[in-house]
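Participant: Contents are CSV, C-alpha atoms; file name protein.csv:
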```
chain,number,residue,atom,x,y,z
A,1,VAL,CA,19.3,11.1,-1.6
A,2,GLY,CA,21.6,12.6,-4.2
A,3,ALA,CA,23.8,14.0,-1.5
A,4,ARG,CA,24.1,10.7,0.2
A,5,LEU,CA,25.0,8.9,-3.0
A,6,ASN,CA,27.7,11.4,-3.7
A,7,ALA,CA,29.1,11.0,-0.2
A,8,ALA,CA,29.2,7.3,-0.5
A,9,THR,CA,31.0,7.1,-3.9
A,10,ARG,CA,34.4,8.1,-5.2
A,11,GLN,CA,35.4,11.4,-6.9
A,12,VAL,CA,35.8,9.5,-10.2
A,13,ASP,CA,32.2,8.1,-10.0
A,14,THR,CA,29.2,9.9,-11.5
A,15,VAL,CA,25.9,10.2,-9.7
A,16,ALA,CA,23.0,11.4,-11.8
A,17,ARG,CA,19.2,11.7,-11.4
A,18,LEU,CA,17.2,10.2,-14.2
A,19,GLY,CA,13.9,11.7,-13.0
A,20,GLY,CA,11.4,11.3,-10.2
A,21,ASP,CA,12.9,8.9,-7.6
A,22,GLU,CA,15.4,7.2,-10.0
A,23,PHE,CA,19.2,7.7,-9.9
A,24,VAL,CA,22.0,6.2,-11.8
A,25,VAL,CA,25.6,5.7,-10.5
A,26,LEU,CA,28.5,5.1,-12.9
A,27,LEU,CA,31.5,3.4,-11.3
A,28,PRO,CA,34.6,3.3,-13.7
A,29,GLY,CA,37.3,0.8,-12.9
A,30,LEU,CA,35.0,-1.9,-11.4
A,31,SER,CA,35.5,-5.0,-13.5
A,32,THR,CA,33.7,-7.7,-11.6
A,33,VAL,CA,30.1,-8.4,-10.6
A,34,ALA,CA,31.3,-9.0,-7.0
A,35,ASP,CA,32.8,-5.5,-6.8
A,36,ALA,CA,29.6,-3.9,-8.1
A,37,ALA,CA,27.5,-5.9,-5.7
A,38,LEU,CA,29.7,-4.7,-2.8
A,39,VAL,CA,29.1,-1.1,-3.8
A,40,ALA,CA,25.4,-1.7,-4.2
A,41,ARG,CA,25.2,-3.0,-0.6
A,42,LYS,CA,27.1,0.1,0.6
A,43,LEU,CA,24.7,2.4,-1.2
A,44,ARG,CA,21.7,0.5,0.1
A,45,ASP,CA,22.9,0.8,3.7
A,46,CYS,CA,23.8,4.5,3.4
A,47,LEU,CA,20.3,5.2,2.0
A,48,ALA,CA,18.6,3.2,4.8
A,49,GLU,CA,19.7,5.7,7.5
A,50,PRO,CA,16.8,8.0,8.6
A,51,VAL,CA,16.5,11.3,6.8
A,52,ASP,CA,15.4,14.4,8.6
A,53,VAL,CA,12.8,16.3,6.6
A,54,VAL,CA,11.2,19.4,8.2
A,55,GLY,CA,11.4,17.7,11.6
A,56,LEU,CA,10.2,14.3,10.5
A,57,SER,CA,12.5,11.3,10.6
A,58,LEU,CA,11.9,9.4,7.3
A,59,LYS,CA,13.4,6.2,5.9
A,60,VAL,CA,14.2,5.7,2.3
A,61,LYS,CA,14.0,2.1,0.9
A,62,ALA,CA,16.2,1.7,-2.1
A,63,SER,CA,15.9,-0.9,-4.9
A,64,ILE,CA,19.2,-1.2,-6.8
A,65,GLY,CA,19.8,-2.9,-10.2
A,66,VAL,CA,23.4,-3.8,-10.9
A,67,ILE,CA,25.0,-4.2,-14.3
A,68,VAL,CA,28.6,-4.6,-15.3
A,69,SER,CA,30.0,-3.6,-18.7
A,70,PRO,CA,31.0,-5.4,-20.9
A,71,THR,CA,29.7,-8.5,-19.1
A,72,HIS,CA,26.1,-7.3,-19.5
A,73,GLY,CA,26.6,-5.3,-22.7
A,74,ASP,CA,28.3,-2.2,-23.9
A,75,GLU,CA,25.6,0.0,-25.5
A,76,PRO,CA,24.4,2.7,-23.0
A,77,SER,CA,20.7,2.3,-23.9
A,78,LEU,CA,21.0,-1.5,-23.4
A,79,LEU,CA,22.8,-1.2,-20.1
A,80,LEU,CA,20.2,1.3,-18.8
A,81,ARG,CA,17.4,-1.0,-19.8
A,82,ARG,CA,19.0,-4.0,-18.2
A,83,ALA,CA,19.8,-2.0,-15.0
A,84,ASP,CA,16.1,-1.1,-14.9
A,85,VAL,CA,15.1,-4.7,-15.3
A,86,ALA,CA,17.4,-5.7,-12.4
A,87,MET,CA,16.0,-2.8,-10.3
A,88,TYR,CA,12.4,-4.0,-10.6
A,89,GLN,CA,13.6,-7.5,-9.7
A,90,ALA,CA,15.3,-6.0,-6.6
A,91,LYS,CA,12.0,-4.7,-5.4
A,92,ALA,CA,10.9,-8.3,-4.9
A,93,THR,CA,14.0,-9.3,-2.9
A,94,ALA,CA,14.9,-8.7,0.8
A,95,ALA,CA,18.4,-7.8,-0.2
A,96,GLY,CA,17.4,-4.5,-1.8
A,97,TYR,CA,19.6,-5.0,-4.8
A,98,CYS,CA,19.8,-7.4,-7.7
A,99,VAL,CA,22.5,-8.2,-10.3
A,100,TYR,CA,21.1,-8.5,-13.9
A,101,SER,CA,20.7,-11.9,-15.5
A,102,ALA,CA,19.1,-13.0,-18.8
A,103,GLU,CA,16.3,-14.7,-16.8
A,104,HIS,CA,15.2,-11.2,-15.7
A,105,ASP,CA,14.3,-10.3,-19.3
A,106,ALA,CA,11.8,-13.1,-19.4
A,107,LEU,CA,10.3,-11.8,-16.2
A,108,ARG,CA,10.1,-8.4,-17.7
A,109,MET,CA,8.3,-9.7,-20.8
A,110,GLY,CA,5.9,-11.5,-18.5
A,111,ARG,CA,5.2,-8.1,-16.7
A,112,LEU,CA,4.7,-6.4,-20.0
A,113,SER,CA,2.2,-9.0,-21.0
A,114,LEU,CA,0.4,-8.7,-17.7
A,115,LEU,CA,0.3,-5.0,-18.0
A,116,ARG,CA,-1.3,-5.2,-21.5
A,117,ASP,CA,-3.9,-7.6,-20.0
A,118,LEU,CA,-4.6,-5.2,-17.1
A,119,ARG,CA,-5.3,-2.3,-19.4
A,120,ARG,CA,-7.8,-4.5,-21.2
A,121,ALA,CA,-9.3,-5.7,-17.9
A,122,LEU,CA,-9.9,-2.1,-16.8
A,123,ALA,CA,-12.0,-1.6,-19.9
A,124,SER,CA,-13.9,-4.9,-19.5
A,125,ASP,CA,-15.7,-6.9,-16.7
A,126,GLU,CA,-12.7,-8.9,-15.5
A,127,LEU,CA,-12.2,-7.0,-12.3
A,128,PHE,CA,-14.6,-7.8,-9.4
A,129,LEU,CA,-14.8,-7.2,-5.7
A,130,HIS,CA,-15.0,-9.4,-2.6
A,131,TYR,CA,-16.0,-7.9,0.7
A,132,GLN,CA,-14.4,-8.7,4.1
A,133,PRO,CA,-16.5,-7.9,7.2
A,134,LYS,CA,-15.2,-5.5,9.9
A,135,VAL,CA,-16.5,-6.6,13.3
A,136,ASP,CA,-17.1,-4.8,16.6
A,137,LEU,CA,-15.0,-6.9,19.0
A,138,GLY,CA,-17.2,-6.0,21.9
A,139,THR,CA,-20.6,-7.0,20.4
A,140,GLY,CA,-19.6,-9.3,17.5
A,141,ASN,CA,-21.7,-7.2,15.2
A,142,THR,CA,-20.6,-6.4,11.6
A,143,THR,CA,-20.0,-2.6,11.4
A,144,GLY,CA,-18.8,-2.4,7.8
A,145,VAL,CA,-16.9,-4.1,5.0
A,146,GLU,CA,-13.7,-3.6,3.1
A,147,ALA,CA,-13.8,-3.9,-0.7
A,148,LEU,CA,-11.0,-6.1,-2.0
A,149,VAL,CA,-10.3,-6.2,-5.7
A,150,ARG,CA,-9.8,-9.4,-7.7
A,151,TRP,CA,-9.0,-10.1,-11.3
A,152,GLN,CA,-10.6,-12.9,-13.3
A,153,HIS,CA,-7.7,-13.3,-15.8
A,154,PRO,CA,-8.7,-15.3,-18.9
A,155,GLN,CA,-5.6,-17.5,-18.7
A,156,ARG,CA,-4.2,-17.2,-15.2
A,157,GLY,CA,-7.4,-17.5,-13.2
A,158,VAL,CA,-8.3,-15.3,-10.2
A,159,LEU,CA,-5.4,-13.0,-9.3
A,160,LEU,CA,-5.2,-11.3,-5.9
A,161,PRO,CA,-4.2,-7.6,-5.4
A,162,ASP,CA,-0.5,-8.4,-4.8
A,163,ASP,CA,-0.3,-9.9,-8.2
A,164,PHE,CA,-1.3,-6.8,-10.1
A,165,VAL,CA,-1.8,-3.7,-7.9
A,166,PRO,CA,2.0,-2.9,-7.7
A,167,LEU,CA,2.2,-3.3,-11.5
A,168,ALA,CA,-0.7,-0.8,-11.9
A,169,GLU,CA,1.0,1.7,-9.5
A,170,GLN,CA,4.3,1.4,-11.4
A,171,ASN,CA,2.7,2.1,-14.8
A,172,GLY,CA,0.3,4.9,-14.4
A,173,LEU,CA,-2.8,2.8,-13.8
A,174,ALA,CA,-3.3,3.5,-10.1
A,175,GLY,CA,-5.9,6.1,-10.8
A,176,PRO,CA,-8.1,4.1,-13.2
A,177,LEU,CA,-7.8,1.0,-10.9
A,178,THR,CA,-8.8,3.0,-7.8
A,179,TRP,CA,-11.8,4.6,-9.5
A,180,ALA,CA,-13.0,1.3,-10.9
A,181,VAL,CA,-12.9,-0.2,-7.4
A,182,LEU,CA,-14.6,2.8,-5.8
A,183,SER,CA,-17.4,2.9,-8.4
A,184,SER,CA,-18.1,-0.8,-8.0
A,185,ALA,CA,-18.1,-0.6,-4.2
A,186,LEU,CA,-20.4,2.4,-4.2
A,187,ARG,CA,-22.9,0.6,-6.5
A,188,GLN,CA,-22.9,-2.3,-4.0
A,189,ALA,CA,-23.4,0.1,-1.1
A,190,ARG,CA,-26.4,1.6,-2.9
A,191,HIS,CA,-27.8,-1.9,-3.5
A,192,TRP,CA,-27.5,-2.6,0.2
A,193,LEU,CA,-29.3,0.7,1.0
A,194,ASP,CA,-32.1,-0.4,-1.3
A,195,GLN,CA,-32.4,-3.5,0.8
A,196,GLY,CA,-32.7,-1.4,3.9
A,197,VAL,CA,-29.0,-1.8,5.1
A,198,ALA,CA,-26.7,1.2,5.6
A,199,LEU,CA,-23.4,-0.7,5.6
A,200,PRO,CA,-20.2,1.4,5.5
A,201,VAL,CA,-17.8,0.3,2.7
A,202,ALA,CA,-14.0,0.9,2.9
A,203,VAL,CA,-11.9,1.3,-0.3
A,204,ASN,CA,-8.1,1.5,-0.5
A,205,VAL,CA,-6.7,4.7,-2.1
A,206,SER,CA,-3.5,4.5,-4.0
A,207,PRO,CA,-0.6,6.6,-2.5
A,208,GLN,CA,-0.2,8.3,-5.9
A,209,LEU,CA,-3.7,9.8,-5.6
A,210,LEU,CA,-3.6,11.0,-2.0
A,211,PRO,CA,-1.8,14.3,-2.5
A,212,ASP,CA,-4.0,15.2,-5.5
A,213,PRO,CA,-6.3,18.1,-4.6
A,214,THR,CA,-8.8,17.0,-7.2
A,215,LEU,CA,-9.3,13.7,-5.3
A,216,CYS,CA,-12.0,15.3,-3.1
A,217,SER,CA,-14.2,16.5,-6.1
A,218,ALA,CA,-13.8,13.2,-7.8
A,219,VAL,CA,-14.9,11.2,-4.7
A,220,ARG,CA,-17.8,13.6,-4.2
A,221,SER,CA,-18.9,13.1,-7.8
A,222,GLN,CA,-18.9,9.3,-7.5
A,223,LEU,CA,-20.9,9.5,-4.3
A,224,VAL,CA,-23.5,11.7,-5.9
A,225,GLU,CA,-23.6,9.5,-9.0
A,226,ALA,CA,-24.1,6.3,-6.9
A,227,GLY,CA,-26.6,8.0,-4.6
A,228,VAL,CA,-24.6,7.0,-1.4
A,229,PRO,CA,-24.2,9.3,1.6
A,230,ALA,CA,-20.6,10.3,2.3
A,231,GLU,CA,-20.9,8.8,5.8
A,232,LEU,CA,-21.0,5.3,4.3
A,233,LEU,CA,-17.7,5.6,2.6
A,234,ARG,CA,-14.4,4.8,4.3
A,235,LEU,CA,-11.1,5.6,2.5
A,236,GLU,CA,-8.0,3.7,3.6
A,237,VAL,CA,-4.5,5.2,3.1
A,238,THR,CA,-1.2,3.8,4.1
A,239,GLU,CA,1.4,5.4,6.4
A,240,SER,CA,3.9,5.5,3.6
A,241,GLY,CA,1.3,7.0,1.2
A,242,VAL,CA,0.7,9.9,3.6
A,243,MET,CA,4.4,10.4,4.1
A,244,GLN,CA,5.2,10.9,0.4
A,245,ASP,CA,3.7,14.4,0.7
A,246,PRO,CA,2.6,15.0,4.3
A,247,GLU,CA,1.3,18.5,4.0
A,248,SER,CA,-0.7,18.0,0.8
A,249,SER,CA,-2.0,14.6,2.1
A,250,ALA,CA,-3.1,16.1,5.4
A,251,GLN,CA,-5.0,18.9,3.5
A,252,VAL,CA,-6.8,16.4,1.2
A,253,ILE,CA,-7.7,14.2,4.2
A,254,ALA,CA,-9.2,17.2,6.0
A,255,ASP,CA,-11.2,18.2,2.9
A,256,LEU,CA,-12.6,14.7,2.5
A,257,GLN,CA,-13.6,14.5,6.1
A,258,GLY,CA,-15.2,18.0,5.7
A,259,PHE,CA,-18.0,16.5,3.6
A,260,GLY,CA,-18.4,13.3,5.7
A,261,VAL,CA,-15.9,10.7,4.4
A,262,LEU,CA,-14.1,8.8,7.1
A,263,LEU,CA,-10.3,8.3,6.7
A,264,ALA,CA,-8.3,5.4,8.1
A,265,VAL,CA,-4.6,4.7,8.2
A,266,ASP,CA,-4.1,1.2,6.9
A,267,ASP,CA,-1.3,-1.3,7.7
A,268,PHE,CA,-0.1,0.9,10.6
A,269,GLY,CA,3.3,-0.1,11.9
A,270,THR,CA,4.8,-1.0,8.5
A,271,GLY,CA,5.6,2.6,7.3
A,272,TYR,CA,7.9,5.3,8.5
A,273,SER,CA,5.7,8.1,9.8
A,274,SER,CA,6.5,9.6,13.2
A,275,LEU,CA,4.1,9.3,16.1
A,276,GLU,CA,4.2,13.1,16.3
A,277,PHE,CA,3.0,13.5,12.7
A,278,LEU,CA,0.3,10.9,13.3
A,279,ARG,CA,-1.0,13.2,16.0
A,280,GLN,CA,-1.3,16.0,13.4
A,281,VAL,CA,-2.9,14.0,10.6
A,282,PRO,CA,-6.7,14.2,10.9
A,283,VAL,CA,-7.6,10.5,10.5
A,284,GLN,CA,-10.3,8.9,12.5
A,285,GLU,CA,-9.3,5.3,12.4
A,286,LEU,CA,-6.1,3.3,12.7
A,287,LYS,CA,-5.7,-0.2,11.4
A,288,ILE,CA,-2.9,-2.2,13.0
A,289,ASP,CA,-1.0,-4.3,10.4
A,290,ARG,CA,-1.6,-8.1,10.5
A,291,SER,CA,2.1,-8.8,11.0
A,292,PHE,CA,1.8,-7.6,14.7
A,293,ILE,CA,-1.5,-9.5,15.3
A,294,THR,CA,-0.2,-12.8,13.9
A,295,ASP,CA,2.7,-13.1,16.2
A,296,MET,CA,1.1,-11.4,19.2
A,297,ALA,CA,0.3,-14.7,21.1
A,298,VAL,CA,3.9,-15.9,20.9
A,299,ASP,CA,5.9,-12.7,20.9
A,300,SER,CA,5.5,-10.5,24.0
A,301,ARG,CA,7.1,-7.6,22.1
A,302,ASP,CA,4.4,-7.6,19.5
A,303,ALA,CA,1.7,-7.8,22.1
A,304,SER,CA,3.2,-4.8,23.9
A,305,ILE,CA,3.4,-2.8,20.7
A,306,VAL,CA,-0.3,-3.6,19.9
A,307,GLN,CA,-1.4,-2.7,23.4
A,308,SER,CA,0.6,0.6,23.2
A,309,VAL,CA,-0.7,1.5,19.8
A,310,ILE,CA,-4.3,1.0,21.0
A,311,GLY,CA,-3.7,3.2,24.0
A,312,LEU,CA,-2.0,5.9,21.8
A,313,ALA,CA,-4.8,5.9,19.2
A,314,HIS,CA,-7.5,6.2,21.9
A,315,SER,CA,-5.7,9.1,23.5
A,316,LEU,CA,-5.8,10.8,20.0
A,317,GLU,CA,-9.5,9.9,19.8
A,318,MET,CA,-9.0,7.4,17.0
A,319,ARG,CA,-10.8,4.1,16.7
A,320,VAL,CA,-8.6,1.0,16.3
A,321,VAL,CA,-9.1,-1.9,13.9
A,322,ALA,CA,-6.9,-5.0,14.2
A,323,GLU,CA,-6.2,-6.8,10.9
A,324,GLY,CA,-5.4,-10.5,10.4
A,325,ILE,CA,-7.3,-11.9,13.4
A,326,GLU,CA,-7.1,-15.7,12.7
A,327,THR,CA,-7.5,-17.3,16.1
A,328,ALA,CA,-9.8,-17.2,19.1
A,329,ALA,CA,-6.7,-16.4,21.3
A,330,ALA,CA,-5.9,-13.3,19.3
A,331,TYR,CA,-9.5,-12.2,19.4
A,332,GLN,CA,-9.7,-12.5,23.2
A,333,GLN,CA,-6.4,-10.8,23.6
A,334,LEU,CA,-7.5,-7.8,21.6
A,335,ILE,CA,-10.7,-7.5,23.5
A,336,GLY,CA,-8.6,-7.4,26.7
A,337,PHE,CA,-6.5,-4.6,25.1
A,338,GLY,CA,-9.6,-2.6,24.4
A,339,CYS,CA,-9.3,-2.8,20.6
A,340,ASP,CA,-12.5,-1.5,19.0
A,341,GLU,CA,-12.9,-3.6,15.8
A,342,GLY,CA,-11.2,-6.3,13.8
A,343,GLN,CA,-10.9,-8.1,10.5
A,344,GLY,CA,-9.5,-11.6,9.7
A,345,TYR,CA,-10.4,-15.1,8.8
A,346,TYR,CA,-11.6,-15.9,12.3
A,347,LEU,CA,-14.2,-13.2,11.9
A,348,GLY,CA,-15.0,-13.6,8.3
A,349,ARG,CA,-13.2,-14.3,5.0
A,350,PRO,CA,-13.5,-12.1,1.9
A,351,ALA,CA,-16.6,-13.1,-0.1
A,352,PRO,CA,-18.8,-12.0,-3.0
A,353,ALA,CA,-21.5,-9.5,-1.8
A,354,ASP,CA,-24.3,-12.0,-2.4
A,355,GLU,CA,-22.7,-14.5,-0.1
A,356,MET,CA,-22.2,-12.2,2.8
A,357,ALA,CA,-24.4,-12.3,5.9
A,358,VAL,CA,-25.4,-8.7,5.9
A,359,PRO,CA,-27.2,-7.6,9.1
A,360,GLY,CA,-30.7,-6.2,8.7
A,361,ARG,CA,-31.1,-7.0,5.0
A,362,ARG,CA,-34.8,-7.2,4.0
```
For this file, produce the structure as structure tokens.
Facilitator:
Amino acid sequence: VGARLNAATRQVDTVARLGGDEFVVLLPGLSTVADAALVARKLRDCLAEPVDVVGLSLKVKASIGVIVSPTHGDEPSLLLRRADVAMYQAKATAAGYCVYSAEHDALRMGRLSLLRDLRRALASDELFLHYQPKVDLGTGNTTGVEALVRWQHPQRGVLLPDDFVPLAEQNGLAGPLTWAVLSSALRQARHWLDQGVALPVAVNVSPQLLPDPTLCSAVRSQLVEAGVPAELLRLEVTESGVMQDPESSAQVIADLQGFGVLLAVDDFGTGYSSLEFLRQVPVQELKIDRSFITDMAVDSRDASIVQSVIGLAHSLEMRVVAEGIETAAAYQQLIGFGCDEGQGYYLGRPAPADEMAVPGRR
């Protein structure tokens, strides 16, 4: 990334790495916001070109915050802070870059307030789970559920994952949030077992935790504490999460499966992993992202992609789950493609555990 930034800038410019995945570019002589925005677009485009890493073709998605001095200030610390504010705002835009404005400071204060609330929520009873059924498309039977976190915020009402999970991941709370969800989901799985129902429960794992070699022992400890067999736990990881550290992630996945936990690739088709690498990663289940399923009936290209992915996964001995099934037409089309299982409003909306129609419950 640093080499590309250097190649795309002038000799008089300065490219520096602040740490982790953050860089700063100083552009002397640019006096207008329009000039700075033009450079931002150029840097965004140069970083969007695939990068070859040990034989894998990866894409880097950049979020760029733009500030101009003295328009946005002249103190270095103030300029850095405002560039950071604009960068986080850029993450929510399709353009990939954002020019700072005073309104962004108010948004930042709102984020900080929500972050303080989230820290409190993790230590209280404000987080809870809904469960969405996963259905065998051939028989219509429920084969498992996915645990989906919700937040009962005292002032804002019920917040969905998109409202706070990215905030947690950006501020060191991905681990505590994942463990809170896993603990609650396993307690519910144990409760169903006590009612005579062995129902697999799926939990999403933050990309930040996946390469951690201690993940296996922590998951095993939670299973033992809850009294739930490993075979009833499904952990879902995203393509992009695996690709952040492919070798370490593959080893952790293999270790988890070694004691019985099933691993699934979630939101398949939205990340940047190669099909060749997918062949090497020892996952057992592939979940096709809802964006392909939603448009399948009206876009023949999406239908072809879905059918091809199902064939590819089956050739690699993976089961396939289609996400976002919302119509009878999509349901029937997926059955025709040979898809194994599905989730979506047509099959069952997320609901509290006590409102679910759990098969075989005493």
Participant: Mind running segment 98-178 of chain A against segment 202-223 of chain A at 7 Å and telling me each contacting residue's nearest atom pair with the distance in Å (one decimal), counting all atoms listed in the file, chain and number ascending, as a Markdown table?
Facilitator:
```
| residue | atom | partner | partner_atom | distance |
| --- | --- | --- | --- | --- |
| A:Val145 | CA | A:Ala202 | CA | 6.1 |
| A:Glu146 | CA | A:Ala202 | CA | 4.5 |
| A:Ala147 | CA | A:Val203 | CA | 5.6 |
| A:Ala174 | CA | A:Ser206 | CA | 6.2 |
| A:Gly175 | CA | A:Leu209 | CA | 6.8 |
| A:Thr178 | CA | A:Val205 | CA | 6.3 |
```
Participant: Need to verify the contact set: Thr9 of chain A, 10 Å, only C-alpha atoms, exclusion of same-chain residues closer than 4 positions in sequence. Can you return it as a PDB file with C-alpha atoms, in the coordinates of the input?
Facilitator:
```pdb
ATOM      1  CA  ARG A   4      24.100  10.700   0.200  1.00  0.00           C
ATOM      2  CA  LEU A   5      25.000   8.900  -3.000  1.00  0.00           C
ATOM      3  CA  ASP A  13      32.200   8.100 -10.000  1.00  0.00           C
ATOM      4  CA  THR A  14      29.200   9.900 -11.500  1.00  0.00           C
ATOM      5  CA  VAL A  15      25.900  10.200  -9.700  1.00  0.00           C
ATOM      6  CA  VAL A  25      25.600   5.700 -10.500  1.00  0.00           C
ATOM      7  CA  LEU A  26      28.500   5.100 -12.900  1.00  0.00           C
ATOM      8  CA  LEU A  27      31.500   3.400 -11.300  1.00  0.00           C
ATOM      9  CA  VAL A  39      29.100  -1.100  -3.800  1.00  0.00           C
ATOM     10  CA  LYS A  42      27.100   0.100   0.600  1.00  0.00           C
ATOM     11  CA  LEU A  43      24.700   2.400  -1.200  1.00  0.00           C
TER      12      LEU A  43
END
```
Participant: Counting all atoms listed in the file, select every polymer residue within 10 Å of (2.3, 5.9, 4.0) as defined in the file's coordinates, and provide the selection as an NGL selection string.
Facilitator: :A and (206-207 or 210 or 237-246 or 249 or 265-273)
Participant: Do you know which residues are at most 10 Å from segment 290-304 of chain A counting all atoms listed in the file, after dropping those on the same chain fewer than 2 positions away, and could you put them as a list in words?
Facilitator: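 Near neighbours after the sequence-gap exclusion: Asp267, Phe268, Gly269, Thr270, Lys287, Ile288, Val306, Gln307, Ser308, Val309, Ile310, Ala322, Glu323, Gly324, Ile325, Glu326, Thr327, Ala329, Ala330, Tyr331, Gln333, Leu334, Phe337, Gln343 and Gly344 of chain A.
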Participant: Need the shell around segment 81-91 of chain A: protein/DNA/RNA residues with any atom at most 6 Å away, counting all atoms listed in the file. Skip same-chain ones fewer than 6 positions apart. Format as an NGL selection string?
Facilitator: :A and (63-67 or 97-98 or 100)
Participant: For atom CA of Glu49 of chain A and atom CA of Phe23 of chain A, determine how far apart the two atoms are, in Å to one decimal place.
Facilitator: 17.5 Å
Participant: If you measure from atom CA of Gln152 of chain A to atom CA of Glu225 of chain A, what distance in Å do you get, rounded to one decimal?
Facilitator: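 Those two atoms sit 26.3 Å apart.
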